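protein-v2.cif (mmCIF, C-alpha atoms and all ligand atoms) appears below.
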data_structure
#
loop_
_atom_site.label_atom_id
_atom_site.label_comp_id
_atom_site.auth_asym_id
_atom_site.auth_seq_id
_atom_site.Cartn_x
_atom_site.Cartn_y
_atom_site.Cartn_z
CA MET A 1 -34.99 8.54 20.67
CA ILE A 2 -32.62 8.39 17.71
CA ASN A 3 -32.28 5.32 15.52
CA GLU A 4 -28.97 6.12 13.87
CA GLY A 5 -29.16 3.25 11.38
CA ASN A 6 -32.31 4.49 9.68
CA ASN A 7 -32.04 8.13 10.63
CA ILE A 8 -35.50 7.86 12.15
CA TYR A 9 -36.32 10.37 14.84
CA SER A 10 -39.09 9.69 17.26
CA VAL A 11 -40.56 12.96 18.51
CA PHE A 12 -43.53 13.96 20.62
CA ASP A 13 -46.57 14.42 18.43
CA GLU A 14 -47.76 17.50 20.32
CA ILE A 15 -46.58 19.69 23.12
CA LEU A 16 -48.97 19.98 26.06
CA SER A 17 -51.75 22.47 25.45
CA LYS A 18 -52.59 25.61 27.36
CA GLU A 19 -55.90 24.01 28.35
CA GLU A 20 -54.20 21.00 29.91
CA LYS A 21 -51.99 23.28 31.99
CA GLU A 22 -54.91 25.53 32.98
CA LYS A 23 -56.76 22.43 34.14
CA MET A 24 -53.86 21.43 36.35
CA LEU A 25 -53.60 24.95 37.80
CA LYS A 26 -57.40 25.33 38.11
CA GLN A 27 -57.35 28.77 36.51
CA LYS A 28 -57.81 30.52 33.18
CA ALA A 29 -54.60 32.10 31.92
CA LYS A 30 -54.94 35.76 30.94
CA VAL A 31 -52.67 38.72 30.50
CA LEU A 32 -53.78 41.57 32.74
CA TRP A 33 -52.36 44.47 30.77
CA LEU A 34 -52.08 47.59 32.97
CA THR A 35 -51.59 50.76 30.95
CA GLY A 36 -51.21 54.33 32.20
CA LEU A 37 -48.80 57.20 32.71
CA SER A 38 -45.61 56.83 34.70
CA GLY A 39 -46.61 57.17 38.37
CA SER A 40 -50.25 56.35 37.66
CA GLY A 41 -50.03 53.34 40.00
CA LYS A 42 -49.57 50.33 37.69
CA THR A 43 -46.78 48.63 39.65
CA THR A 44 -48.20 49.48 43.06
CA ILE A 45 -51.61 48.04 42.15
CA ALA A 46 -50.05 45.02 40.41
CA LYS A 47 -48.03 44.07 43.49
CA VAL A 48 -51.08 44.11 45.77
CA LEU A 49 -53.14 42.31 43.15
CA GLU A 50 -50.50 39.59 42.71
CA ARG A 51 -50.31 38.99 46.46
CA ASP A 52 -54.12 38.77 46.70
CA LEU A 53 -54.27 36.31 43.78
CA HIS A 54 -51.43 34.25 45.28
CA LEU A 55 -53.31 33.99 48.58
CA GLN A 56 -56.34 32.72 46.65
CA GLY A 57 -54.25 29.99 45.00
CA PHE A 58 -53.62 31.50 41.56
CA LEU A 59 -50.23 31.14 39.82
CA THR A 60 -49.07 34.51 38.51
CA GLN A 61 -46.10 36.31 36.99
CA LEU A 62 -45.60 40.07 37.24
CA LEU A 63 -43.76 41.77 34.39
CA ASP A 64 -42.69 45.33 34.98
CA GLY A 65 -41.07 47.98 32.79
CA ASP A 66 -38.01 48.30 34.97
CA ASN A 67 -37.25 44.57 35.37
CA ILE A 68 -37.79 43.90 31.66
CA ARG A 69 -35.69 46.86 30.57
CA ALA A 70 -32.90 45.78 32.95
CA GLY A 71 -32.94 42.27 31.49
CA ILE A 72 -34.30 40.93 28.22
CA ASN A 73 -34.71 44.44 26.74
CA ASN A 74 -31.54 46.05 28.07
CA ASN A 75 -30.45 46.97 24.56
CA LEU A 76 -33.56 49.09 23.87
CA GLY A 77 -34.17 52.81 24.38
CA PHE A 78 -37.27 54.98 24.03
CA SER A 79 -37.34 55.82 20.34
CA GLU A 80 -40.51 54.92 18.44
CA GLU A 81 -38.77 51.87 16.96
CA ASP A 82 -37.38 50.66 20.29
CA ARG A 83 -40.73 51.12 22.08
CA THR A 84 -42.35 48.94 19.43
CA GLU A 85 -39.67 46.26 19.80
CA ASN A 86 -39.93 46.53 23.61
CA ILE A 87 -43.64 45.75 23.50
CA ARG A 88 -43.23 43.03 20.87
CA ARG A 89 -40.80 41.11 23.09
CA ILE A 90 -42.95 41.66 26.19
CA ALA A 91 -45.99 40.33 24.33
CA GLU A 92 -44.06 37.26 23.12
CA VAL A 93 -42.83 36.56 26.67
CA SER A 94 -46.39 37.01 27.98
CA LYS A 95 -47.60 34.51 25.39
CA LEU A 96 -45.16 31.91 26.70
CA PHE A 97 -46.54 32.39 30.20
CA ILE A 98 -50.12 32.20 28.92
CA ASN A 99 -49.34 28.96 27.11
CA CYS A 100 -48.05 27.67 30.44
CA GLY A 101 -51.37 28.51 32.11
CA VAL A 102 -49.97 31.39 34.14
CA ILE A 103 -51.84 34.66 34.83
CA THR A 104 -49.48 37.42 33.76
CA ILE A 105 -49.71 40.91 35.22
CA ASN A 106 -48.03 43.45 32.96
CA CYS A 107 -47.15 46.98 34.03
CA PHE A 108 -46.09 49.01 31.03
CA VAL A 109 -46.89 52.60 30.08
CA SER A 110 -47.76 51.32 26.57
CA PRO A 111 -48.85 54.81 25.52
CA THR A 112 -50.49 54.37 22.11
CA GLU A 113 -53.40 52.42 20.68
CA GLN A 114 -51.02 51.04 18.08
CA ILE A 115 -48.66 49.61 20.70
CA ARG A 116 -51.48 48.08 22.75
CA ASN A 117 -53.09 46.66 19.62
CA GLN A 118 -49.77 45.13 18.64
CA ALA A 119 -49.53 43.42 22.05
CA LYS A 120 -53.16 42.30 21.81
CA ALA A 121 -52.56 40.81 18.36
CA ILE A 122 -49.56 38.78 19.54
CA ILE A 123 -51.15 37.62 22.79
CA GLY A 124 -54.59 36.98 21.30
CA GLU A 125 -57.65 39.11 21.98
CA GLU A 126 -59.34 36.39 24.07
CA ASN A 127 -56.37 36.36 26.49
CA PHE A 128 -55.80 40.11 26.71
CA ILE A 129 -57.50 42.12 29.48
CA GLU A 130 -56.80 45.83 29.19
CA ILE A 131 -56.76 47.69 32.51
CA PHE A 132 -56.50 51.45 32.24
CA ILE A 133 -54.95 53.04 35.33
CA ASN A 134 -56.44 56.43 34.68
CA THR A 135 -54.60 58.93 36.86
CA PRO A 136 -54.45 62.55 35.64
CA LEU A 137 -51.05 63.84 34.54
CA GLU A 138 -51.05 66.52 37.30
CA VAL A 139 -51.48 63.82 39.96
CA CYS A 140 -48.74 61.61 38.46
CA GLU A 141 -46.46 64.63 38.24
CA ALA A 142 -47.16 65.63 41.84
CA ARG A 143 -46.40 62.06 42.97
CA ASP A 144 -43.24 61.96 40.81
CA THR A 145 -42.16 58.74 42.51
CA LYS A 146 -39.02 58.35 40.43
CA GLY A 147 -38.24 62.05 39.94
CA LEU A 148 -38.65 61.58 36.20
CA TYR A 149 -41.27 64.32 35.64
CA ALA A 150 -38.94 66.92 37.15
CA LYS A 151 -36.15 65.71 34.85
CA ALA A 152 -38.48 65.64 31.83
CA ARG A 153 -39.62 69.24 32.53
CA LYS A 154 -35.96 70.28 32.55
CA GLY A 155 -35.47 68.51 29.22
CA GLU A 156 -33.20 65.87 30.74
CA VAL A 157 -35.36 62.92 29.59
CA ASN A 158 -36.31 62.58 25.95
CA ASN A 159 -39.66 61.25 24.73
CA PHE A 160 -41.20 61.23 28.20
CA THR A 161 -44.84 60.16 28.03
CA GLY A 162 -47.23 62.91 29.08
CA ILE A 163 -44.59 65.65 28.72
CA SER A 164 -42.77 65.23 25.43
CA ALA A 165 -44.47 62.12 24.05
CA PRO A 166 -48.19 61.42 23.75
CA PHE A 167 -50.41 59.13 25.82
CA GLU A 168 -53.59 57.99 24.09
CA ASP A 169 -56.35 56.91 26.44
CA PRO A 170 -57.59 53.38 25.70
CA GLN A 171 -61.01 53.62 24.05
CA THR A 172 -62.46 50.32 25.23
CA PRO A 173 -60.58 49.09 28.29
CA SER A 174 -61.96 46.12 30.18
CA ILE A 175 -61.85 48.32 33.28
CA LYS A 176 -60.82 51.90 34.04
CA VAL A 177 -59.44 52.62 37.51
CA GLU A 178 -59.53 56.20 38.81
CA THR A 179 -56.82 56.16 41.49
CA GLU A 180 -56.91 59.88 42.24
CA ASN A 181 -59.26 59.66 45.21
CA GLN A 182 -58.67 56.02 46.15
CA THR A 183 -56.30 54.19 48.45
CA VAL A 184 -53.99 51.62 46.89
CA GLU A 185 -56.10 48.85 48.47
CA GLU A 186 -59.32 50.27 46.99
CA SER A 187 -57.83 50.45 43.50
CA ALA A 188 -56.32 46.95 43.69
CA ASN A 189 -59.58 45.53 45.02
CA GLU A 190 -61.54 47.12 42.16
CA VAL A 191 -59.28 45.30 39.69
CA LEU A 192 -59.47 42.05 41.66
CA VAL A 193 -63.28 42.03 41.73
CA HIS A 194 -63.36 42.72 37.99
CA ILE A 195 -60.89 40.00 36.96
CA LEU A 196 -61.84 37.14 39.30
CA PRO A 197 -64.75 35.93 37.14
CA LEU A 198 -62.45 36.01 34.09
CA ILE A 199 -59.72 33.79 35.60
CA LYS A 200 -61.82 31.33 37.64
CA VAL A 201 -62.61 27.97 36.06
P1 LIG A 301 -46.32 53.28 37.75
O1 LIG A 301 -45.97 51.82 37.95
O2 LIG A 301 -47.62 53.47 37.03
O3 LIG A 301 -45.21 54.08 37.17
P2 LIG A 301 -46.05 53.38 40.61
O4 LIG A 301 -46.90 52.26 41.06
O5 LIG A 301 -44.57 53.16 40.55
O6 LIG A 301 -46.59 53.89 39.19
O7 LIG A 301 -46.30 54.67 41.51
C1 LIG A 301 -47.58 55.08 41.91
C2 LIG A 301 -47.48 55.94 43.18
O8 LIG A 301 -48.78 56.44 43.48
C3 LIG A 301 -47.02 55.16 44.40
O9 LIG A 301 -46.18 55.96 45.18
C4 LIG A 301 -48.35 54.88 45.14
O10 LIG A 301 -48.15 54.73 46.54
C5 LIG A 301 -49.14 56.14 44.83
N1 LIG A 301 -50.62 55.96 44.90
C6 LIG A 301 -51.46 56.75 45.59
N2 LIG A 301 -52.74 56.31 45.48
C7 LIG A 301 -52.71 55.22 44.69
C8 LIG A 301 -53.70 54.32 44.22
N3 LIG A 301 -55.01 54.45 44.54
N4 LIG A 301 -53.33 53.30 43.42
C9 LIG A 301 -52.01 53.15 43.07
N5 LIG A 301 -51.01 53.96 43.49
C10 LIG A 301 -51.34 54.99 44.30
#
As structure tokens, please, write out the structure in this file.
Amino acid sequence: MINEGNNIYSVFDEILSKEEKEKMLKQKAKVLWLTGLSGSGKTTIAKVLERDLHLQGFLTQLLDGDNIRAGINNNLGFSEEDRTENIRRIAEVSKLFINCGVITINCFVSPTEQIRNQAKAIIGEENFIEIFINTPLEVCEARDTKGLYAKARKGEVNNFTGISAPFEDPQTPSIKVETENQTVEESANEVLVHILPLIKV
């Protein structure tokens, strides 16, 4: 309320805390950060995982490379600088969801330790769960779900992770999922079993 005579502004002392929102939602807010090569299975696993969590009464938000790059990051490319800015914005958006008590499932290649550490620093280590979708390059390339490996081999895509740009394996992921000899359901269930104790109150 504004008292124009005295120029006194009455404002809320504090905004509601993450903990108050988590209490209402009966869950612990975390960012489930899926990292891995293109075609490793991040989005496929995340979709199944989100549906499973939804059925169990958890409030979630899935953030995916393609929807973010089509929207909030539509002015960014794949140079080193733009990849860094891409992840910075994603991490800031994730932090907003976390502060709202929401479990955020992020599917981004996020190829280097530096990039993942940057995200972890913004989000906060205690809220950041690193999930390494560890599918060998040959398997991802054979899947080639978006036809991008074929294009990258022909030199039609610059800085393509695994072909013309590096992917550094996470050294200490919370969980490593080997999708090569698993069904989608098996991989998603492995992640679900691992994260449930971390998000339950
Ligand atoms: P990314 O999001 O990492 O780029 P996608 O999820 O888009 O990868 O593509 C992964 C592809 O691999 C899909 O076609 C999916 O059906 C297939 N796939 C086969 N086995 C698995 C598995 N165990 N987990 C996840 N995806 C798998």
Next on the checklist: Could you list, as number ranges by chain, all protein and nucleic acid residues with an atom at most 8 Å from ligand LIG 301 (chain A), counting all atoms listed in the file?
Outcome noted: A: 35-46, 64, 107-109, 133, 140, 143-146, 178-188
Selection to disk with C-alpha atoms, as a PDB file, in the frame of the given file:
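So the final result, stored in out-v8.pdb, reads:
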ATOM      1  CA  THR A  35     -51.590  50.760  30.950  1.00  0.00           C
ATOM      2  CA  GLY A  36     -51.210  54.330  32.200  1.00  0.00           C
ATOM      3  CA  LEU A  37     -48.800  57.200  32.710  1.00  0.00           C
ATOM      4  CA  SER A  38     -45.610  56.830  34.700  1.00  0.00           C
ATOM      5  CA  GLY A  39     -46.610  57.170  38.370  1.00  0.00           C
ATOM      6  CA  SER A  40     -50.250  56.350  37.660  1.00  0.00           C
ATOM      7  CA  GLY A  41     -50.030  53.340  40.000  1.00  0.00           C
ATOM      8  CA  LYS A  42     -49.570  50.330  37.690  1.00  0.00           C
ATOM      9  CA  THR A  43     -46.780  48.630  39.650  1.00  0.00           C
ATOM     10  CA  THR A  44     -48.200  49.480  43.060  1.00  0.00           C
ATOM     11  CA  ILE A  45     -51.610  48.040  42.150  1.00  0.00           C
ATOM     12  CA  ALA A  46     -50.050  45.020  40.410  1.00  0.00           C
ATOM     13  CA  ASP A  64     -42.690  45.330  34.980  1.00  0.00           C
ATOM     14  CA  CYS A 107     -47.150  46.980  34.030  1.00  0.00           C
ATOM     15  CA  PHE A 108     -46.090  49.010  31.030  1.00  0.00           C
ATOM     16  CA  VAL A 109     -46.890  52.600  30.080  1.00  0.00           C
ATOM     17  CA  ILE A 133     -54.950  53.040  35.330  1.00  0.00           C
ATOM     18  CA  CYS A 140     -48.740  61.610  38.460  1.00  0.00           C
ATOM     19  CA  ARG A 143     -46.400  62.060  42.970  1.00  0.00           C
ATOM     20  CA  ASP A 144     -43.240  61.960  40.810  1.00  0.00           C
ATOM     21  CA  THR A 145     -42.160  58.740  42.510  1.00  0.00           C
ATOM     22  CA  LYS A 146     -39.020  58.350  40.430  1.00  0.00           C
ATOM     23  CA  GLU A 178     -59.530  56.200  38.810  1.00  0.00           C
ATOM     24  CA  THR A 179     -56.820  56.160  41.490  1.00  0.00           C
ATOM     25  CA  GLU A 180     -56.910  59.880  42.240  1.00  0.00           C
ATOM     26  CA  ASN A 181     -59.260  59.660  45.210  1.00  0.00           C
ATOM     27  CA  GLN A 182     -58.670  56.020  46.150  1.00  0.00           C
ATOM     28  CA  THR A 183     -56.300  54.190  48.450  1.00  0.00           C
ATOM     29  CA  VAL A 184     -53.990  51.620  46.890  1.00  0.00           C
ATOM     30  CA  GLU A 185     -56.100  48.850  48.470  1.00  0.00           C
ATOM     31  CA  GLU A 186     -59.320  50.270  46.990  1.00  0.00           C
ATOM     32  CA  SER A 187     -57.830  50.450  43.500  1.00  0.00           C
ATOM     33  CA  ALA A 188     -56.320  46.950  43.690  1.00  0.00           C
TER      34      ALA A 188
END
Checklist entry - What would the list of residues within 12 Å of (-59.9, 58.3, 24.1) (file frame) look like as an MDAnalysis selection string, if only C-alpha atoms are what count? => result chainID A and resid 111:113 132 134 167:173 176
Item to check | Between atom CA of Leu62 of chain A and atom CA of Thr104 of chain A, distance in Å (one decimal) | outcome: 5.8 Å
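Each of A:Thr161, A:Pro197, A:Leu63, A:Leu34 was checked against Ile175 of chain A using all atoms listed in the file; the smallest atom-to-atom distance is that of A:Leu34.
Note that atom CA of Ile163 of chain A and atom CA of Glu92 of chain A are 28.9 Å apart.
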Checklist entry - Which one of A:Lys21, A:Asn189, A:Ile105, A:Asn74 sits closest to Thr60 of chain A if you count all atoms listed in the file? => result A:Ile105
Checklist outcome for this item: Counting only C-alpha atoms, the residue among A:Val177, A:Leu198, A:Ile87, A:Ala152 that lies closest to Thr135 of chain A is A:Val177
Next on the checklist: Which polymer residues, whether protein, DNA or RNA, lie within 10 Å of the coordinate (-43.7, 32.3, 33.2) when you count all atoms listed in the file? List them as a list of chain:residue names, using the chain letters and numbers from the file.
Outcome noted: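 These residues have at least one counted atom within 10 Å: A:Leu59, A:Thr60, A:Gln61, A:Leu62, A:Leu63, A:Val93, A:Ser94, A:Lys95, A:Leu96, A:Phe97, A:Ile98, A:Asn99, A:Cys100, A:Gly101, A:Val102, A:Ile103, A:Thr104.
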Next on the checklist: Quick check, in Å to one decimal: how far apart do atom CA of Asn67 of chain A and atom CA of Met24 of chain A lie?
Outcome noted: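 Distance reported for this atom pair: 28.5 Å.
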Gly124 of chain A: which residues within 10 Å, counting all atoms listed in the file, same-chain residues fewer than 5 positions away excluded, as a PDB file with C-alpha atoms, in the coordinates of the input?
ATOM      1  CA  LYS A  30     -54.940  35.760  30.940  1.00  0.00           C
ATOM      2  CA  VAL A  31     -52.670  38.720  30.500  1.00  0.00           C
ATOM      3  CA  ALA A  91     -45.990  40.330  24.330  1.00  0.00           C
ATOM      4  CA  LYS A  95     -47.600  34.510  25.390  1.00  0.00           C
ATOM      5  CA  ASN A 117     -53.090  46.660  19.620  1.00  0.00           C
ATOM      6  CA  GLN A 118     -49.770  45.130  18.640  1.00  0.00           C
ATOM      7  CA  ALA A 119     -49.530  43.420  22.050  1.00  0.00           C
TER       8      ALA A 119
END
Next on the checklist: Using all atoms listed in the file for the distances, tell me which of A:Arg83, A:Lys47, A:Lys200, A:Lys26 is nearest to Asn106 of chain A.
Outcome noted: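 Ranked by minimum distance to Asn106 of chain A, first place goes to A:Lys47.
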Checklist entry - Pick the closest to Lys23 of chain A from A:Pro166, A:Val201, A:Phe160, A:Glu130: which is it, counting only C-alpha atoms? => result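 Looking only at the distances to Lys23 of chain A, the closest residue turns out to be A:Val201.
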Next on the checklist: Which residue is closest to Ser110 of chain A? Choose from A:Glu126, A:Glu138, A:Glu14, A:Glu80 and count all atoms listed in the file.
Outcome noted: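 For Ser110 of chain A, the nearest of the given residues is A:Glu80.
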